[in-house]
file entry-v3.tsv (TSV, C-alpha atoms (C1' of nucleotides))
chain	number	residue	atom	x	y	z
A	5	MET	CA	12.43	-4.62	-19.29
A	6	ALA	CA	10.69	-2.50	-21.84
A	7	ALA	CA	12.99	-0.65	-24.13
A	8	SER	CA	14.34	2.05	-21.89
A	9	LEU	CA	13.19	5.37	-23.15
A	10	PRO	CA	15.50	8.32	-23.67
A	11	PRO	CA	16.03	10.31	-20.51
A	12	ASP	CA	14.30	13.42	-21.78
A	13	THR	CA	12.10	13.25	-18.75
A	14	LYS	CA	9.89	16.26	-18.51
A	15	PRO	CA	9.98	18.12	-15.22
A	16	GLU	CA	6.24	17.83	-14.77
A	17	VAL	CA	6.38	14.07	-14.76
A	18	ASP	CA	8.32	13.80	-11.54
A	19	ALA	CA	6.11	16.33	-9.85
A	20	ILE	CA	2.96	14.56	-10.97
A	21	VAL	CA	4.18	11.20	-9.77
A	22	GLU	CA	5.18	12.72	-6.45
A	23	THR	CA	1.82	14.38	-6.04
A	24	ILE	CA	-0.16	11.29	-6.91
A	25	ILE	CA	1.83	9.30	-4.40
A	26	TYR	CA	1.27	11.97	-1.81
A	27	LEU	CA	-2.46	12.17	-2.42
A	28	TYR	CA	-2.91	8.44	-2.36
A	29	THR	CA	-0.83	7.65	0.69
A	30	GLU	CA	-1.98	10.62	2.71
A	31	SER	CA	-5.66	10.00	1.99
A	32	ARG	CA	-5.13	6.43	2.98
A	33	ARG	CA	-3.46	7.43	6.20
A	34	LEU	CA	-6.25	9.83	7.11
A	35	THR	CA	-8.89	7.23	6.33
A	36	LYS	CA	-7.07	4.88	8.60
A	37	GLY	CA	-7.25	7.43	11.38
A	38	LEU	CA	-10.96	7.90	10.87
A	39	ALA	CA	-11.55	4.17	10.85
A	40	ALA	CA	-9.62	3.85	14.08
A	41	GLN	CA	-12.21	6.01	15.81
A	42	PHE	CA	-14.65	3.15	15.26
A	43	GLY	CA	-12.20	0.43	16.18
A	44	LEU	CA	-11.65	-0.48	12.54
A	45	THR	CA	-8.71	-0.60	10.18
A	46	GLY	CA	-8.73	1.07	6.78
A	47	PRO	CA	-9.54	-2.04	4.75
A	48	GLN	CA	-12.19	-3.06	7.27
A	49	LEU	CA	-13.92	0.29	6.82
A	50	THR	CA	-13.83	-0.22	3.08
A	51	VAL	CA	-15.35	-3.68	3.37
A	52	ILE	CA	-18.11	-2.57	5.70
A	53	LYS	CA	-19.20	0.32	3.51
A	54	LEU	CA	-19.04	-1.88	0.43
A	55	LEU	CA	-21.20	-4.58	1.96
A	56	GLN	CA	-23.63	-1.96	3.19
A	57	GLU	CA	-23.93	-0.56	-0.29
A	58	LEU	CA	-23.99	-3.76	-2.30
A	59	GLY	CA	-25.26	-6.41	0.07
A	60	ASP	CA	-23.69	-9.83	0.45
A	61	LEU	CA	-20.72	-10.52	-1.76
A	62	SER	CA	-18.68	-13.59	-2.44
A	63	LEU	CA	-15.12	-13.39	-1.26
A	64	SER	CA	-13.72	-13.23	-4.76
A	65	SER	CA	-16.04	-10.45	-5.94
A	66	LEU	CA	-15.16	-8.61	-2.76
A	67	SER	CA	-11.47	-8.89	-3.48
A	68	GLU	CA	-12.05	-7.77	-7.03
A	69	ARG	CA	-13.86	-4.72	-5.74
A	70	ILE	CA	-11.13	-3.65	-3.39
A	71	ARG	CA	-8.35	-4.63	-5.76
A	72	ALA	CA	-6.68	-7.15	-3.51
A	73	GLN	CA	-5.81	-10.81	-3.81
A	74	ASN	CA	-8.15	-13.44	-2.45
A	75	SER	CA	-5.59	-14.48	0.08
A	76	THR	CA	-5.41	-10.95	1.42
A	77	VAL	CA	-9.16	-10.67	1.76
A	78	THR	CA	-9.33	-14.04	3.49
A	79	GLY	CA	-7.19	-12.55	6.24
A	80	ILE	CA	-9.23	-9.36	6.47
A	81	ILE	CA	-12.45	-11.34	6.74
A	82	ASP	CA	-10.89	-13.68	9.30
A	83	ARG	CA	-10.23	-10.77	11.60
A	84	MET	CA	-13.59	-9.15	10.95
A	85	GLU	CA	-15.33	-12.40	11.69
A	86	ARG	CA	-13.34	-12.72	14.87
A	87	GLU	CA	-14.62	-9.28	15.86
A	88	GLY	CA	-18.17	-10.29	15.01
A	89	LEU	CA	-18.51	-7.75	12.22
A	90	VAL	CA	-19.30	-10.17	9.39
A	91	LYS	CA	-20.31	-13.78	8.90
A	92	ARG	CA	-19.27	-16.31	6.32
A	93	GLU	CA	-22.08	-18.15	4.59
A	94	ARG	CA	-21.44	-21.03	2.27
A	95	SER	CA	-23.45	-20.80	-0.92
A	96	THR	CA	-26.03	-23.57	-1.27
A	97	THR	CA	-25.89	-23.65	-5.05
A	98	ASP	CA	-22.12	-23.71	-5.37
A	99	ARG	CA	-20.44	-24.93	-2.28
A	100	ARG	CA	-17.08	-23.55	-3.26
A	101	VAL	CA	-18.40	-20.03	-2.83
A	102	VAL	CA	-18.45	-18.16	0.45
A	103	TYR	CA	-20.67	-15.14	0.87
A	104	ILE	CA	-19.67	-12.41	3.25
A	105	ARG	CA	-22.54	-10.85	5.14
A	106	LEU	CA	-22.64	-8.00	7.62
A	107	SER	CA	-23.67	-9.05	11.11
A	108	GLU	CA	-26.05	-6.94	13.18
A	109	LYS	CA	-23.06	-5.30	14.78
A	110	GLY	CA	-21.54	-4.68	11.38
A	111	GLN	CA	-24.72	-3.13	10.02
A	112	LYS	CA	-25.05	-0.91	13.04
A	113	LEU	CA	-21.50	0.27	12.62
A	114	ALA	CA	-22.00	0.85	8.91
A	115	ARG	CA	-24.91	3.15	9.67
A	116	GLU	CA	-22.92	5.08	12.24
A	117	ILE	CA	-20.03	5.73	9.89
A	118	GLN	CA	-20.81	8.61	7.58
A	119	VAL	CA	-17.53	8.76	5.70
A	120	GLU	CA	-16.45	6.95	2.61
A	121	PRO	CA	-13.00	5.44	2.14
A	122	MET	CA	-10.60	8.07	0.79
A	123	GLU	CA	-13.04	10.67	2.08
A	124	ILE	CA	-10.50	13.47	2.28
A	125	PHE	CA	-9.52	12.97	-1.31
A	126	ARG	CA	-13.15	12.93	-2.35
A	127	SER	CA	-14.01	16.08	-0.53
A	128	ALA	CA	-11.02	17.86	-2.01
A	129	LEU	CA	-12.21	16.77	-5.43
A	130	THR	CA	-15.75	18.03	-4.98
A	131	ASP	CA	-14.37	21.49	-4.41
A	132	LEU	CA	-12.91	21.61	-7.90
A	133	SER	CA	-14.73	23.30	-10.75
A	134	GLN	CA	-16.71	21.13	-13.08
A	135	SER	CA	-14.37	21.75	-15.96
A	136	ASP	CA	-11.35	20.86	-13.86
A	137	LEU	CA	-13.07	17.65	-12.84
A	138	GLU	CA	-13.89	16.72	-16.38
A	139	HIS	CA	-10.46	17.48	-17.67
A	140	LEU	CA	-8.84	15.58	-14.85
A	141	LEU	CA	-10.97	12.54	-15.48
A	142	ARG	CA	-10.28	12.69	-19.19
A	143	VAL	CA	-6.53	12.79	-18.74
A	144	LEU	CA	-6.52	10.11	-16.07
A	145	THR	CA	-8.57	7.87	-18.28
A	146	LYS	CA	-6.01	8.28	-21.03
A	147	LEU	CA	-3.31	7.25	-18.61
A	148	GLN	CA	-5.28	4.30	-17.43
A	149	LYS	CA	-5.76	3.07	-20.98
A	150	ARG	CA	-2.03	3.07	-21.54
A	151	VAL	CA	-1.32	1.25	-18.33
A	152	VAL	CA	-4.04	-1.28	-19.03
A	153	SER	CA	-2.64	-2.05	-22.45
A	154	HIS	CA	0.75	-2.42	-20.87
A	155	VAL	CA	-0.61	-4.88	-18.36
A	156	GLU	CA	-2.46	-6.94	-20.90
A	157	GLY	CA	0.26	-6.84	-23.52
A	158	ARG	CA	2.77	-8.16	-21.04
A	159	VAL	CA	1.23	-11.56	-20.54
A	160	SER	CA	4.08	-13.36	-22.22
A	161	GLU	CA	7.31	-12.16	-20.77
A	162	ALA	CA	9.30	-13.79	-23.55
A	163	GLN	CA	12.27	-11.45	-23.66
A	164	GLY	CA	13.54	-10.38	-27.03
A	165	ALA	CA	10.40	-9.00	-28.61
A	166	PRO	CA	10.75	-5.26	-28.11
A	167	ARG	CA	7.93	-4.54	-30.52
A	168	ALA	CA	5.27	-4.20	-27.87
A	169	GLY	CA	2.96	-2.10	-30.00
A	170	GLU	CA	3.36	0.90	-27.80
A	171	GLU	CA	1.06	3.28	-29.58
A	172	GLU	CA	-2.53	2.56	-29.02
A	173	ASP	CA	-5.23	5.08	-29.35
A	174	LYS	CA	-8.67	5.17	-30.69
A	175	PRO	CA	-10.72	7.98	-32.15
B	5	MET	CA	-30.05	8.24	8.58
B	6	ALA	CA	-31.88	6.93	5.61
B	7	ALA	CA	-29.90	8.94	3.11
B	8	SER	CA	-26.48	7.45	3.45
B	9	LEU	CA	-24.74	9.64	0.94
B	10	PRO	CA	-24.66	13.39	0.64
B	11	PRO	CA	-26.35	14.39	-2.59
B	12	ASP	CA	-23.52	16.60	-3.72
B	13	THR	CA	-21.44	13.69	-4.96
B	14	LYS	CA	-20.54	14.37	-8.54
B	15	PRO	CA	-20.25	11.36	-10.78
B	16	GLU	CA	-16.75	12.28	-11.86
B	17	VAL	CA	-15.46	12.08	-8.32
B	18	ASP	CA	-16.01	8.36	-7.97
B	19	ALA	CA	-14.46	7.69	-11.32
B	20	ILE	CA	-11.44	9.83	-10.54
B	21	VAL	CA	-10.86	8.14	-7.21
B	22	GLU	CA	-11.20	4.75	-8.84
B	23	THR	CA	-8.76	5.65	-11.56
B	24	ILE	CA	-6.17	7.08	-9.22
B	25	ILE	CA	-6.34	3.95	-7.11
B	26	TYR	CA	-5.98	1.85	-10.21
B	27	LEU	CA	-3.01	3.80	-11.53
B	28	TYR	CA	-1.22	3.77	-8.22
B	29	THR	CA	-1.74	0.15	-7.30
B	30	GLU	CA	-1.15	-1.19	-10.78
B	31	SER	CA	2.04	0.80	-11.29
B	32	ARG	CA	3.22	-0.44	-7.95
B	33	ARG	CA	2.47	-4.00	-8.88
B	34	LEU	CA	4.32	-3.71	-12.17
B	35	THR	CA	7.31	-2.11	-10.48
B	36	LYS	CA	7.34	-4.99	-8.08
B	37	GLY	CA	7.49	-7.39	-10.99
B	38	LEU	CA	10.38	-5.49	-12.54
B	39	ALA	CA	12.26	-5.45	-9.26
B	40	ALA	CA	11.73	-9.18	-8.92
B	41	GLN	CA	13.77	-9.72	-12.08
B	42	PHE	CA	16.74	-8.46	-10.10
B	43	GLY	CA	15.89	-10.34	-6.97
B	44	LEU	CA	14.59	-7.21	-5.29
B	45	THR	CA	11.31	-6.09	-3.81
B	46	GLY	CA	9.64	-2.83	-4.77
B	47	PRO	CA	10.82	-0.80	-1.77
B	48	GLN	CA	14.31	-2.23	-2.15
B	49	LEU	CA	14.45	-1.02	-5.73
B	50	THR	CA	13.37	2.42	-4.57
B	51	VAL	CA	16.05	2.52	-1.89
B	52	ILE	CA	18.81	1.41	-4.23
B	53	LYS	CA	17.99	4.00	-6.88
B	54	LEU	CA	17.67	6.68	-4.23
B	55	LEU	CA	21.03	5.91	-2.70
B	56	GLN	CA	22.60	5.80	-6.13
B	57	GLU	CA	21.23	9.23	-6.89
B	58	LEU	CA	21.83	10.94	-3.57
B	59	GLY	CA	24.66	9.04	-1.95
B	60	ASP	CA	24.65	7.95	1.67
B	61	LEU	CA	21.60	8.88	3.68
B	62	SER	CA	20.73	8.59	7.32
B	63	LEU	CA	17.93	6.22	8.07
B	64	SER	CA	15.54	8.99	8.99
B	65	SER	CA	16.17	11.06	5.89
B	66	LEU	CA	15.75	7.90	3.88
B	67	SER	CA	12.38	7.20	5.46
B	68	GLU	CA	11.34	10.79	4.87
B	69	ARG	CA	12.22	10.43	1.20
B	70	ILE	CA	10.22	7.30	0.66
B	71	ARG	CA	7.36	8.43	2.90
B	72	ALA	CA	7.58	5.59	5.37
B	73	GLN	CA	8.06	5.36	9.10
B	74	ASN	CA	11.50	4.80	10.55
B	75	SER	CA	10.44	1.45	11.90
B	76	THR	CA	9.41	0.34	8.43
B	77	VAL	CA	12.70	1.39	6.91
B	78	THR	CA	14.63	-0.35	9.66
B	79	GLY	CA	13.09	-3.60	8.47
B	80	ILE	CA	13.79	-2.91	4.82
B	81	ILE	CA	17.41	-2.10	5.57
B	82	ASP	CA	17.71	-5.15	7.77
B	83	ARG	CA	16.80	-7.38	4.88
B	84	MET	CA	18.95	-5.47	2.40
B	85	GLU	CA	21.90	-5.72	4.72
B	86	ARG	CA	21.28	-9.42	5.09
B	87	GLU	CA	21.46	-9.67	1.29
B	88	GLY	CA	24.66	-7.65	1.23
B	89	LEU	CA	23.14	-4.78	-0.73
B	90	VAL	CA	23.82	-2.01	1.79
B	91	LYS	CA	25.87	-1.39	4.89
B	92	ARG	CA	25.04	0.49	8.05
B	93	GLU	CA	27.64	3.01	9.16
B	94	ARG	CA	27.39	4.74	12.48
B	95	SER	CA	28.05	8.46	12.23
B	96	THR	CA	31.20	9.55	14.03
B	97	THR	CA	29.96	13.02	14.86
B	98	ASP	CA	26.56	11.94	16.19
B	99	ARG	CA	26.50	8.37	17.27
B	100	ARG	CA	22.74	8.18	17.25
B	101	VAL	CA	22.73	8.48	13.48
B	102	VAL	CA	23.13	5.56	11.11
B	103	TYR	CA	24.11	6.16	7.51
B	104	ILE	CA	22.98	3.72	4.86
B	105	ARG	CA	25.53	3.07	2.15
B	106	LEU	CA	25.37	0.98	-1.00
B	107	SER	CA	27.76	-1.96	-0.99
B	108	GLU	CA	29.74	-2.91	-4.09
B	109	LYS	CA	27.05	-5.39	-4.94
B	110	GLY	CA	24.40	-2.73	-4.40
B	111	GLN	CA	26.17	-0.24	-6.64
B	112	LYS	CA	26.61	-2.80	-9.36
B	113	LEU	CA	22.92	-3.64	-9.22
B	114	ALA	CA	21.99	0.04	-9.27
B	115	ARG	CA	23.91	0.51	-12.49
B	116	GLU	CA	22.28	-2.50	-14.10
B	117	ILE	CA	18.78	-1.36	-13.32
B	118	GLN	CA	17.63	1.19	-15.84
B	119	VAL	CA	14.11	1.72	-14.59
B	120	GLU	CA	12.75	4.13	-12.05
B	121	PRO	CA	10.16	3.21	-9.46
B	122	MET	CA	6.65	3.68	-10.90
B	123	GLU	CA	8.24	3.46	-14.32
B	124	ILE	CA	5.09	2.43	-16.14
B	125	PHE	CA	3.21	5.37	-14.78
B	126	ARG	CA	6.04	7.70	-15.75
B	127	SER	CA	6.24	6.43	-19.29
B	128	ALA	CA	2.49	6.73	-19.71
B	129	LEU	CA	2.78	10.33	-18.52
B	130	THR	CA	5.54	11.27	-20.93
B	131	ASP	CA	3.26	10.33	-23.79
B	132	LEU	CA	0.79	13.03	-22.85
B	133	SER	CA	0.79	16.39	-24.56
B	134	GLN	CA	2.56	19.23	-22.83
B	135	SER	CA	-0.67	21.08	-22.15
B	136	ASP	CA	-2.27	17.99	-20.66
B	137	LEU	CA	0.74	17.56	-18.41
B	138	GLU	CA	0.63	21.13	-17.23
B	139	HIS	CA	-3.06	21.10	-16.61
B	140	LEU	CA	-2.83	17.81	-14.78
B	141	LEU	CA	-0.09	19.07	-12.53
B	142	ARG	CA	-1.98	22.28	-11.84
B	143	VAL	CA	-5.12	20.47	-10.77
B	144	LEU	CA	-3.25	17.89	-8.73
B	145	THR	CA	-1.38	20.63	-6.94
B	146	LYS	CA	-4.68	22.25	-6.03
B	147	LEU	CA	-5.84	18.97	-4.59
B	148	GLN	CA	-2.65	18.49	-2.69
B	149	LYS	CA	-2.97	21.90	-1.11
B	150	ARG	CA	-6.38	21.04	0.24
B	151	VAL	CA	-5.25	17.74	1.61
B	152	VAL	CA	-2.20	19.33	3.18
B	153	SER	CA	-4.29	21.92	4.93
B	154	HIS	CA	-6.49	19.14	6.20
B	155	VAL	CA	-3.49	17.25	7.49
B	156	GLU	CA	-2.22	20.26	9.28
B	157	GLY	CA	-5.51	20.62	11.00
B	158	ARG	CA	-6.61	23.86	9.54
B	159	VAL	CA	-9.00	24.48	6.70
B	160	SER	CA	-7.74	27.95	6.07
B	161	GLU	CA	-10.22	30.11	4.28
B	162	ALA	CA	-11.74	27.29	2.32
B	163	GLN	CA	-14.79	27.91	0.17
B	164	GLY	CA	-17.02	27.07	3.06
B	165	ALA	CA	-16.58	23.34	2.65
B	166	PRO	CA	-17.91	21.66	5.77
B	167	ARG	CA	-15.65	19.17	7.41
B	168	ALA	CA	-16.79	15.60	7.34
B	169	GLY	CA	-15.17	14.33	10.46
B	170	GLU	CA	-13.35	15.47	13.50
B	171	GLU	CA	-9.88	14.29	14.21
B	172	GLU	CA	-7.69	15.38	16.99
B	173	ASP	CA	-4.02	15.71	16.50
B	174	LYS	CA	-1.32	17.85	17.86
B	175	PRO	CA	-0.84	21.31	16.40
C	20	DC	C1'	29.09	18.69	35.89
C	21	DA	C1'	24.50	16.82	36.03
C	22	DC	C1'	20.00	16.03	34.60
C	23	DG	C1'	15.93	16.28	31.98
C	24	DG	C1'	14.15	16.79	27.54
C	25	DA	C1'	14.88	16.26	22.58
C	26	DT	C1'	16.34	13.41	18.77
C	27	DG	C1'	17.65	8.99	16.06
C	28	DT	C1'	17.08	4.18	15.77
C	29	DT	C1'	15.34	-0.30	16.99
C	30	DT	C1'	11.98	-3.60	18.97
C	31	DC	C1'	7.46	-5.38	19.33
C	32	DG	C1'	2.70	-6.54	18.17
C	33	DT	C1'	-0.80	-6.34	14.75
C	34	DG	C1'	-2.62	-5.92	10.20
C	35	DT	C1'	-2.25	-5.85	5.50
C	36	DA	C1'	-0.39	-7.66	0.86
C	37	DC	C1'	1.31	-10.89	-2.40
C	38	DG	C1'	2.30	-15.42	-4.88
C	39	DA	C1'	2.55	-20.31	-4.80
C	40	DA	C1'	0.77	-24.41	-3.21
C	41	DA	C1'	-2.95	-26.99	-0.99
C	42	DT	C1'	-7.85	-28.02	-0.66
C	43	DA	C1'	-12.57	-28.33	-2.08
C	44	DT	C1'	-15.96	-28.40	-5.42
C	45	DT	C1'	-18.01	-27.93	-10.01
C	46	DC	C1'	-18.09	-28.63	-14.83
C	47	DG	C1'	-16.85	-30.17	-19.55
C	48	DC	C1'	-16.25	-33.78	-22.50
C	49	DG	C1'	-15.72	-38.11	-24.02
D	20	DC	C1'	-20.25	-42.36	-15.60
D	21	DG	C1'	-15.78	-40.71	-14.71
D	22	DC	C1'	-11.83	-38.00	-14.83
D	23	DG	C1'	-9.16	-34.06	-15.60
D	24	DA	C1'	-9.47	-28.98	-16.24
D	25	DA	C1'	-11.37	-24.97	-14.22
D	26	DT	C1'	-12.91	-22.21	-10.36
D	27	DA	C1'	-13.26	-20.61	-5.31
D	28	DT	C1'	-11.15	-20.33	-1.07
D	29	DT	C1'	-7.60	-21.15	2.36
D	30	DT	C1'	-2.86	-21.94	4.00
D	31	DC	C1'	1.85	-20.76	4.16
D	32	DG	C1'	6.03	-18.00	3.97
D	33	DT	C1'	7.87	-13.52	3.31
D	34	DA	C1'	7.88	-8.55	3.16
D	35	DC	C1'	5.99	-4.28	4.08
D	36	DA	C1'	3.66	-0.70	7.14
D	37	DC	C1'	2.34	1.57	11.22
D	38	DG	C1'	2.32	3.25	16.21
D	39	DA	C1'	3.90	2.77	20.81
D	40	DA	C1'	7.49	1.76	23.69
D	41	DA	C1'	12.34	0.82	24.57
D	42	DC	C1'	16.99	2.28	23.95
D	43	DA	C1'	20.92	5.22	22.90
D	44	DT	C1'	22.87	9.52	22.50
D	45	DC	C1'	23.05	14.47	22.33
D	46	DC	C1'	22.13	19.05	24.09
D	47	DG	C1'	20.77	23.12	26.87
D	48	DT	C1'	20.28	25.03	31.15
D	49	DG	C1'	21.18	25.48	35.87
call {"tool": "encode", "arguments": {"input": "entry-v3.tsv", "output": "structure tokens"}}
result
Amino acid sequence: MAASLPPDTKPEVDAIVETIIYLYTESRRLTKGLAAQFGLTGPQLTVIKLLQELGDLSLSSLSERIRAQNSTVTGIIDRMEREGLVKRERSTTDRRVVYIRLSEKGQKLAREIQVEPMEIFRSALTDLSQSDLEHLLRVLTKLQKRVVSHVEGRVSEAQGAPRAGEEEDKP
Amino acid sequence: MAASLPPDTKPEVDAIVETIIYLYTESRRLTKGLAAQFGLTGPQLTVIKLLQELGDLSLSSLSERIRAQNSTVTGIIDRMEREGLVKRERSTTDRRVVYIRLSEKGQKLAREIQVEPMEIFRSALTDLSQSDLEHLLRVLTKLQKRVVSHVEGRVSEAQGAPRAGEEEDKP
DNA sequence: CACGGATGTTTCGTGTACGAAATATTCGCG
DNA sequence: CGCGAATATTTCGTACACGAAACATCCGTG
């Protein structure tokens, strides 16, 4: 594990983590409830709106978009195909690739549904002032950069090299 | 319904939602990897550290703490009990209640593990300046308030934000 | 004391979610 | 041309995660 940092944990950190978890899980739960009104699950709603917006997508680009593994998306598409919401179409140029396409029923449903995934979170955000929004995005982006560098710097898990260049920042 | 999206969508909103999703899911994934080094899953790591910190907990207070349903926690505890990490102890005063207690093995493991759940996210946060932390928490708390009021079914004196969807739930 | 409702936990069915291995196909390079 | 590496998808096994229903126990009121 990364060199354990001194336990001078600031009180805000716990609260922030708690709040992020709350916002994420609760928004997800509410989205799920909304999706259920159309006979869909949360991920299915996400897929339908994504395909409506972007058109046909290969399974792997779809999974990249929704940040899930291919194997997970295979299952989601299986069930959606079973419900007649999407169709699988083998690419003619590269027969390894499968494109996912909304069926008529899927397109109809997509038009009926006016909400985006994580809608509650989005609508809460739009109520913030512009400066709050900008500041929030700026700080979150900083955080993301640090996490990204952590992810990419951790490719080799060869224990015993605690010099993981922890300070990265650019002008 | 030609216009699928309301025009009031600010560009920052999408980016913020994306980033929050990234931070949450990626931190979760990394925590999972850390837990795996001890032969645990992510939720199991959370439970062990929680029990170490707070002592025995009933199943329902445990599920409240980790924001999961009782039925979910039942499964987690089942598997942890199977691994000999925790024990179930029926309360003597109220025999409906089950207390979850760390076994010797569980306590030993808890002491070995130095990381908190969502550790990567936490450590990225502690690197922020104090003013960034405070501002972040302030804005997130605002957001949480709005989501909470949504959850509780009342948009009390909001700034005239129209509701996107109608859900019915008990008061 | 009894009974009906409230509370705590488990069971059940379905749907994610992941990683590793299997399968299918394409491509690079000699 | 051919073969092994690379890429795309599926299969498999396990672990969440949720809601509804079943089950167990407690409690208040008559």
call {"tool": "interface_residues", "arguments": {"input": "entry-v3.tsv", "of": "chain D", "to": "chain B", "cutoff": "7 Å", "atoms": "only C-alpha atoms (C1' of nucleotides)", "output": "count of residues only"}}
result
3
call {"tool": "closest_residue", "arguments": {"input": "entry-v3.tsv", "among": "A:Gln56, A:Gln111, A:Ser65, A:Gln148", "to": "chain B", "atoms": "only C-alpha atoms"}}
result
A:Gln148
call {"tool": "interface_residues", "arguments": {"input": "entry-v3.tsv", "of": "chain C", "to": "chain B", "cutoff": "8 Å", "atoms": "all atoms listed in the file", "output": "list in words"}}
result
DG27, DT28 and DT29 of chain C
call {"tool": "closest_atom_pairs", "arguments": {"input": "entry-v3.tsv", "of": "chain B", "to": "chain A", "cutoff": "6 Å", "atoms": "all atoms listed in the file", "output": "tab-separated table"}}
result
residue	atom	partner	partner_atom	distance
B:Ile20	CA	A:Leu141	CA	5.7
B:Ala128	CA	A:Leu147	CA	5.9
B:Leu141	CA	A:Ile20	CA	5.7
B:Leu147	CA	A:Ala128	CA	5.9
call {"tool": "atom_distance", "arguments": {"input": "entry-v3.tsv", "atom1": "atom CA of A:Ser153", "atom2": "atom CA of B:Lys36"}}
result
17.7 Å
call {"tool": "atom_distance", "arguments": {"input": "entry-v3.tsv", "atom1": "atom C1' of D:DA27", "atom2": "atom CA of A:Ser95"}}
result
11.1 Å
call {"tool": "residues_around", "arguments": {"input": "entry-v3.tsv", "residues": "stretch 39-42 of chain C", "least_positions_apart": "6", "cutoff": "9 Å", "atoms": "all atoms listed in the file", "output": "list of chain:residue names"}}
result
D:DT28, D:DT29, D:DT30, D:DC31
call {"tool": "write_last_selection", "arguments": {"input": "entry-v3.tsv", "atoms": "C-alpha atoms (C1' of nucleotides)", "output": "tab-separated table (two decimals), keeping the file's coordinate frame"}}
result
chain	number	residue	atom	x	y	z
D	28	DT	C1'	-11.15	-20.33	-1.07
D	29	DT	C1'	-7.60	-21.15	2.36
D	30	DT	C1'	-2.86	-21.94	4.00
D	31	DC	C1'	1.85	-20.76	4.16
call {"tool": "atom_distance", "arguments": {"input": "entry-v3.tsv", "atom1": "atom CA of A:Asp82", "atom2": "atom C1' of D:DG38"}}
result
22.6 Å
call {"tool": "residues_around", "arguments": {"input": "entry-v3.tsv", "residues": "C:DC46", "least_positions_apart": "6", "cutoff": "10 Å", "atoms": "all atoms listed in the file", "output": "ChimeraX atom specification"}}
result
/D:24-26
call {"tool": "decode", "arguments": {"input": "entry-v3.tsv", "residues": "chain D", "atoms": "C-alpha atoms (C1' of nucleotides)", "output": "PDB file, in the first residue's frame"}}
result
ATOM      1  C1'  DC D  20       1.611 -17.143 -47.006  1.00  0.00           C
ATOM      2  C1'  DG D  21       1.367 -18.174 -42.275  1.00  0.00           C
ATOM      3  C1'  DC D  22       1.522 -17.704 -37.504  1.00  0.00           C
ATOM      4  C1'  DG D  23       1.516 -15.425 -33.263  1.00  0.00           C
ATOM      5  C1'  DA D  24       0.231 -10.999 -31.006  1.00  0.00           C
ATOM      6  C1'  DA D  25      -3.470  -7.858 -30.535  1.00  0.00           C
ATOM      7  C1'  DT D  26      -8.301  -6.662 -30.296  1.00  0.00           C
ATOM      8  C1'  DA D  27     -13.509  -7.406 -29.561  1.00  0.00           C
ATOM      9  C1'  DT D  28     -16.898  -9.928 -27.400  1.00  0.00           C
ATOM     10  C1'  DT D  29     -18.813 -13.596 -24.590  1.00  0.00           C
ATOM     11  C1'  DT D  30     -18.819 -16.998 -20.815  1.00  0.00           C
ATOM     12  C1'  DC D  31     -18.187 -18.186 -16.146  1.00  0.00           C
ATOM     13  C1'  DG D  32     -17.928 -17.754 -11.160  1.00  0.00           C
ATOM     14  C1'  DT D  33     -18.437 -14.731  -7.349  1.00  0.00           C
ATOM     15  C1'  DA D  34     -20.031 -10.739  -4.846  1.00  0.00           C
ATOM     16  C1'  DC D  35     -22.828  -6.930  -4.292  1.00  0.00           C
ATOM     17  C1'  DA D  36     -27.428  -4.394  -4.365  1.00  0.00           C
ATOM     18  C1'  DC D  37     -32.240  -3.769  -4.175  1.00  0.00           C
ATOM     19  C1'  DG D  38     -37.330  -4.574  -3.108  1.00  0.00           C
ATOM     20  C1'  DA D  39     -40.917  -7.611  -1.771  1.00  0.00           C
ATOM     21  C1'  DA D  40     -42.258 -11.212   0.951  1.00  0.00           C
ATOM     22  C1'  DA D  41     -41.502 -14.457   4.706  1.00  0.00           C
ATOM     23  C1'  DC D  42     -40.276 -15.070   9.426  1.00  0.00           C
ATOM     24  C1'  DA D  43     -39.364 -14.010  14.246  1.00  0.00           C
ATOM     25  C1'  DT D  44     -40.013 -11.292  18.079  1.00  0.00           C
ATOM     26  C1'  DC D  45     -41.543  -7.383  20.706  1.00  0.00           C
ATOM     27  C1'  DC D  46     -44.968  -4.114  22.295  1.00  0.00           C
ATOM     28  C1'  DG D  47     -49.241  -1.498  23.302  1.00  0.00           C
ATOM     29  C1'  DT D  48     -53.891  -1.604  24.040  1.00  0.00           C
ATOM     30  C1'  DG D  49     -58.077  -3.659  25.267  1.00  0.00           C
TER      31       DG D  49
END
